[in-house]
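Novice: One structure, as structure tokens, below. Some questions next.
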Amino acid sequence: MAAASQVQTAVTTSVTELTASRARVAVRVMPEEIEAHVQRAAGRLGRELKLPGFRKGKVPAPIVLRRLGRDAVLEQAVRDGLAGWYAEAIRQSRLVPIGDPKIDLGQLPDAGQPLELTLELDVLPKATLGDYRGLEVPRREPAAAEEEIDAEIEAMRERLARLQTVTRPAATADFVVVDYRGELAGADEGGADEPGHAAFAGGEGRDQLVELGAQGLIPGFSEGLLGASAGETREIDVAFPADHTNERLAGRQVSFQVTVKEVKHKQLPELDEDFAIDAGFDDVQELREDIRTRLLEVDQARVQEEFREAALDAAVEVAQVPVTSELAQARAREMWERMLHSLAHRGISREAYLRLSGRDEAEILAEMVPEAERALRREAVLTAVVEAEAISPSEQDLLEAVQPTAQREGSTPERLLGQLRDAGRLEEAREDVAARQAVDLIADAAEPIPVERAQAREKLWTPEKDEQQRERDSAASSAGEAPPAGRLWTPGS
């Protein structure tokens, strides 16, 4: 908390609006802050320097400054502090940056002088709100189709199924218990494998249960076991897919020696009164009604979320938001980078994902642009509604918002909120809650109408629609913005 406060007092900003979606931020970093970073940088460099008369890692900061020169240490200090100063400047200016900023550092300051730098960046544009209260918004009725109930019952039967050993040859959907050993055909590129005898990690198993026809098996492996009987050994030659996540195995030929030890058939329980009683009901009809009730409860929550989304899109439809194509492309790039970051946490590299998707990066970014534009319009409208309605979440609102996360992490809302405060992320959390409250306000004030009525209105031409569209197109053209992302979203459209 103390560190965050020091940064706040050490940085001052002034904002110049260049266009509706671009701003220049003049940033001044106080001399005391610069000197503190210089001393830290000198101390860190002193732990790496080797100088006669000093033990390794024990070179004092003043000696480092004399030996390397203040300018060299200052450059390192500025590099170290720039990210934090940038974050503080954005926080103070209350801007929402889009894409990467252009940073002009100018001249590095003399001792005792502040650092002056300029940021020029794309920002979330300001929305001109329409009448966002009392909007007519489509909302469907919750439903539970008979097919969904049937699927739930089949899932129950699958969970209660038993595997029975049979003496016949294996067929599709049977299970087989096997021992297997696989060998790659030929040496790998490094020549480490002996041709014809290239064992590989995961290529051997005993008493493995395999479902014939199931997804996830190497193509051809399941087919190679069709018709096999217990005690039979087969040689199955297959190839790993070219897009296999293990690059060493991708596209490689492999030969498996497979011994079938048992063939098992999956026996589903009969859908009768005994089945219903085992599930806790008097009969099958009562079971179906219970499933219907639960499906309706789930769909009711889904309907409410769809309605909130449709209400927000209706508010966006009546607003004017100057989103340029460059802005949409920059947001698409941000979305792509966040996606890559998430994939990396799951062990999937950029290259592996591109190979699996069968597309290049340019194609993926182009596909993301419409959703990026839609997100920008929504975000701009919500920001404007928060300001217009003076929405300011209370401490209790924040505690309720973090309650689910705190429960998952085995913590308390108070402790989690304190952690956010210490990390300087409390304002970010407050803005998220304010945006949710803005959506609540729009949705609560909206008038639900049947989906069919909304769809009929979309198809109905009126002179007013042509005039409104011409006005929107003219405004978009004069602002240099991208055309609207699409028509009003409705459930089922």
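Please note that chains go A, B, ... in the order of the structure tokens, that every chain numbers its residues from 1, and that ligands are numbered from 1 in the order shown.
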Could you pull out all residues of stretch 320-473 of chain A with a DSSP call of strand (DSSP E or B) and give them as an NGL selection string?

Specialist: :A and (320 or 324 or 447-449)

Novice: Write out the residues from the selection above, keeping C-alpha atoms, as a PDB file, in the first residue's frame.

Specialist:
ATOM      1  CA  GLN A 320     -23.323   6.928 -31.166  1.00  0.00           C
ATOM      2  CA  THR A 324     -12.508   3.598 -36.110  1.00  0.00           C
ATOM      3  CA  GLU A 447     -39.544  -3.714 -21.352  1.00  0.00           C
ATOM      4  CA  PRO A 448     -39.453  -7.392 -22.357  1.00  0.00           C
ATOM      5  CA  ILE A 449     -41.209  -8.259 -25.621  1.00  0.00           C
TER       6      ILE A 449
END

Novice: Tell me which protein, DNA and RNA residues are within 8 Å of stretch 77-80 of chain A, counting only C-alpha atoms, leaving out same-chain ones fewer than 5 positions away, and put them as a ChimeraX atom specification.

Specialist: /A:34,37-38,40-41

Novice: Write the residues of the preceding selection, restricted to N, CA and C atoms, as a PDB file, in the first residue's frame.

Specialist:
ATOM      1  N   ILE A  34      12.894   9.696  -9.315  1.00  0.00           N
ATOM      2  CA  ILE A  34      13.987   9.337 -10.225  1.00  0.00           C
ATOM      3  C   ILE A  34      15.221   8.921  -9.434  1.00  0.00           C
ATOM      4  N   HIS A  37      14.986   5.463  -7.926  1.00  0.00           N
ATOM      5  CA  HIS A  37      15.188   4.411  -8.926  1.00  0.00           C
ATOM      6  C   HIS A  37      16.651   4.318  -9.331  1.00  0.00           C
ATOM      7  N   VAL A  38      17.345   5.453  -9.387  1.00  0.00           N
ATOM      8  CA  VAL A  38      18.777   5.425  -9.712  1.00  0.00           C
ATOM      9  C   VAL A  38      19.538   4.651  -8.650  1.00  0.00           C
ATOM     10  N   ARG A  40      18.370   2.368  -6.612  1.00  0.00           N
ATOM     11  CA  ARG A  40      18.031   0.934  -6.687  1.00  0.00           C
ATOM     12  C   ARG A  40      18.748   0.264  -7.856  1.00  0.00           C
ATOM     13  N   ALA A  41      18.788   0.955  -8.993  1.00  0.00           N
ATOM     14  CA  ALA A  41      19.474   0.389 -10.160  1.00  0.00           C
ATOM     15  C   ALA A  41      20.962   0.233  -9.878  1.00  0.00           C
TER      16      ALA A  41
END

Novice: Apply DSSP to the structure's backbone, then extract all residues of stretch 82-229 of chain A labelled helix (DSSP H, G or I) and return them as JSON, numbers by chain.

Specialist: {"A": [82, 83, 84, 85, 86, 87, 88, 89, 90, 91, 92, 93, 146, 147, 148, 149, 150, 151, 152, 153, 154, 155, 156, 157, 158, 159, 223, 224, 225]}

Novice: For the selection you just gave me, I'd like the residues written to a file as a PDB file, in the first residue's frame, keeping C-alpha atoms.

Specialist:
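Output file out.pdb follows:
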ATOM      1  CA  LEU A  82       8.720   3.090 -16.942  1.00  0.00           C
ATOM      2  CA  ALA A  83       6.020   0.409 -16.664  1.00  0.00           C
ATOM      3  CA  GLY A  84       4.975   1.572 -13.195  1.00  0.00           C
ATOM      4  CA  TRP A  85       4.950   5.266 -14.186  1.00  0.00           C
ATOM      5  CA  TYR A  86       2.898   4.440 -17.281  1.00  0.00           C
ATOM      6  CA  ALA A  87       0.350   2.495 -15.211  1.00  0.00           C
ATOM      7  CA  GLU A  88       0.061   5.369 -12.721  1.00  0.00           C
ATOM      8  CA  ALA A  89      -0.326   7.934 -15.518  1.00  0.00           C
ATOM      9  CA  ILE A  90      -3.167   5.904 -17.038  1.00  0.00           C
ATOM     10  CA  ARG A  91      -4.823   5.531 -13.631  1.00  0.00           C
ATOM     11  CA  GLN A  92      -4.631   9.258 -12.933  1.00  0.00           C
ATOM     12  CA  SER A  93      -5.899  10.246 -16.380  1.00  0.00           C
ATOM     13  CA  GLU A 146     -38.248 -33.430 -24.699  1.00  0.00           C
ATOM     14  CA  GLU A 147     -34.982 -34.133 -26.509  1.00  0.00           C
ATOM     15  CA  GLU A 148     -33.041 -32.475 -23.671  1.00  0.00           C
ATOM     16  CA  ILE A 149     -34.880 -34.589 -21.087  1.00  0.00           C
ATOM     17  CA  ASP A 150     -34.141 -37.711 -23.125  1.00  0.00           C
ATOM     18  CA  ALA A 151     -30.463 -36.741 -23.287  1.00  0.00           C
ATOM     19  CA  GLU A 152     -30.315 -36.286 -19.490  1.00  0.00           C
ATOM     20  CA  ILE A 153     -31.871 -39.715 -18.960  1.00  0.00           C
ATOM     21  CA  GLU A 154     -29.445 -41.308 -21.414  1.00  0.00           C
ATOM     22  CA  ALA A 155     -26.572 -39.677 -19.523  1.00  0.00           C
ATOM     23  CA  MET A 156     -27.907 -41.217 -16.307  1.00  0.00           C
ATOM     24  CA  ARG A 157     -28.082 -44.624 -17.979  1.00  0.00           C
ATOM     25  CA  GLU A 158     -24.502 -44.197 -19.235  1.00  0.00           C
ATOM     26  CA  ARG A 159     -23.300 -43.413 -15.707  1.00  0.00           C
ATOM     27  CA  GLU A 223     -10.269 -49.872 -36.484  1.00  0.00           C
ATOM     28  CA  GLY A 224      -7.266 -52.155 -36.175  1.00  0.00           C
ATOM     29  CA  LEU A 225      -8.858 -53.905 -33.193  1.00  0.00           C
TER      30      LEU A 225
END

Novice: Would you mind telling me which residue in A:Val238, A:Leu441, A:Tyr353, A:Ala429 lies nearest to A:Ala390 when using only C-alpha atoms?

Specialist: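 Nearest candidate to A:Ala390 out of A:Val238, A:Leu441, A:Tyr353, A:Ala429: A:Leu441.
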
Novice: Might you pull out every residue within 10 Å of A:Leu295, with only C-alpha atoms counted and same-chain residues fewer than 5 positions away left off, and present them as a VMD selection string?

Specialist: chain A and resid 142 to 145 148 to 149 152 289 to 290 300

Novice: How would the residues just picked look written out with C-alpha atoms as a compact mmCIF listing (two decimals), in the first residue's frame?

Specialist:
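This went into part.txt:
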# COMPACT_ATOMS: atom_id res chain seq x y z
CA PRO A 142 -37.49 -20.67 -20.65
CA ALA A 143 -37.96 -24.10 -22.17
CA ALA A 144 -37.00 -27.71 -21.64
CA ALA A 145 -37.37 -29.74 -24.84
CA GLU A 148 -33.04 -32.48 -23.67
CA ILE A 149 -34.88 -34.59 -21.09
CA GLU A 152 -30.32 -36.29 -19.49
CA GLU A 289 -40.74 -34.05 -14.48
CA ASP A 290 -37.89 -33.56 -12.03
CA GLN A 300 -34.23 -19.38 -16.68

Novice: What does the structure give for the distance between atom CA of A:Leu354 and atom CA of A:Met368, in Å to one decimal?

Specialist: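 Result for atom CA of A:Leu354 versus atom CA of A:Met368: 14.6 Å, one decimal.
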
Novice: What does the structure give for the distance between atom CA of A:Val178 and atom CA of A:Leu209, in Å to one decimal?

Specialist: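 Taking atom CA of A:Val178 as the start and atom CA of A:Leu209 as the end point, the length is 6.6 Å.
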
Novice: Would you kindly return, as a PyMOL selection string, each protein, DNA or RNA residue with an atom no farther than 8 Å from any atom of stretch 17-30 of chain A, considering only C-alpha atoms and excluding same-chain residues fewer than 2 positions away?

Specialist: chain A and resi 10-15+32-34+85+89+93+113-126+322-323+327

Novice: Given only C-alpha atoms as the basis, pick out the residue of A:Asp71, A:Gly99, A:Arg355, A:Leu212 nearest to A:Gly227.

Specialist: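 Ranked by minimum distance to A:Gly227, first place goes to A:Leu212.
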
Novice: Residues within 12 Å of A:Phe221, please, as a ChimeraX atom specification. Count only C-alpha atoms; anything in the same chain fewer than 3 positions from it doesn't count.

Specialist: /A:180,182,210-218,224-226,234-240,254-258

Novice: When you draw a straight line from atom CA of A:Asp100 to atom CA of A:Glu337, how long is it in Å?

Specialist: 11.9 Å

Novice: Find the spatial neighbours of A:Ala446, counting only C-alpha atoms, within a cut-off of 12 Å - ignore same-chain residues fewer than 5 positions away - and output them as JSON, numbers by chain.

Specialist: {"A": [131, 132, 133, 134, 135, 136, 137, 138, 139, 307, 308, 309, 310, 311, 312, 313, 314, 315, 439, 440, 441]}

Novice: Identify which of the residues A:Val385, A:Thr245, A:Ala199, A:Arg168 lies closest to A:Arg346, counting only C-alpha atoms when measuring atom-to-atom distances.

Specialist: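 Among the listed residues, the smallest separation from A:Arg346 belongs to A:Thr245.
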
Novice: Identify, on the basis of only C-alpha atoms, every residue whose closest approach to A:Glu431 does not exceed 10 Å; exclude the query and any residue fewer than 3 positions from it along the same chain; express the result as a CSV table (one decimal) with N, CA and C atoms, in the first residue's frame.

Specialist:
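Printed below is around-v3.csv as written:
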chain,number,residue,atom,x,y,z
A,383,THR,N,-19.5,2.8,-19.9
A,383,THR,CA,-18.7,3.9,-19.3
A,383,THR,C,-19.5,5.2,-19.2
A,386,VAL,N,-22.4,4.8,-16.6
A,386,VAL,CA,-21.8,4.9,-15.3
A,386,VAL,C,-21.6,6.4,-14.9
A,391,ILE,N,-22.9,6.2,-11.0
A,391,ILE,CA,-22.8,4.9,-10.3
A,391,ILE,C,-21.5,4.8,-9.6
A,392,SER,N,-21.5,4.5,-8.3
A,392,SER,CA,-20.3,4.4,-7.5
A,392,SER,C,-20.5,3.2,-6.6
A,393,PRO,N,-20.0,2.1,-6.9
A,393,PRO,CA,-20.2,0.9,-6.0
A,393,PRO,C,-19.7,1.1,-4.6
A,426,LEU,N,-7.7,-2.1,-6.8
A,426,LEU,CA,-9.1,-1.9,-6.2
A,426,LEU,C,-9.9,-1.1,-7.2
A,427,GLU,N,-9.3,0.0,-7.8
A,427,GLU,CA,-10.1,0.8,-8.7
A,427,GLU,C,-10.5,0.0,-9.9
A,428,GLU,N,-9.7,-0.9,-10.4
A,428,GLU,CA,-10.1,-1.8,-11.5
A,428,GLU,C,-11.3,-2.6,-11.1
A,434,ALA,N,-19.0,-1.4,-11.3
A,434,ALA,CA,-19.8,-0.3,-11.8
A,434,ALA,C,-20.4,-0.7,-13.1
A,435,ALA,N,-19.6,-1.3,-14.0
A,435,ALA,CA,-20.1,-1.7,-15.3
A,435,ALA,C,-21.3,-2.7,-15.2
A,436,ARG,N,-21.1,-3.7,-14.3
A,436,ARG,CA,-22.2,-4.7,-14.1
A,436,ARG,C,-23.5,-4.0,-13.6
A,437,GLN,N,-23.3,-3.0,-12.7
A,437,GLN,CA,-24.5,-2.3,-12.2
A,437,GLN,C,-25.1,-1.4,-13.3

Novice: Name the closest residue to A:Ser229 among the candidates A:His345, A:Lys261, A:Arg359, A:Arg252; distances are taken between atoms, counting only C-alpha atoms.

Specialist: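 That would be A:Lys261, the residue with the smallest distance to A:Ser229.
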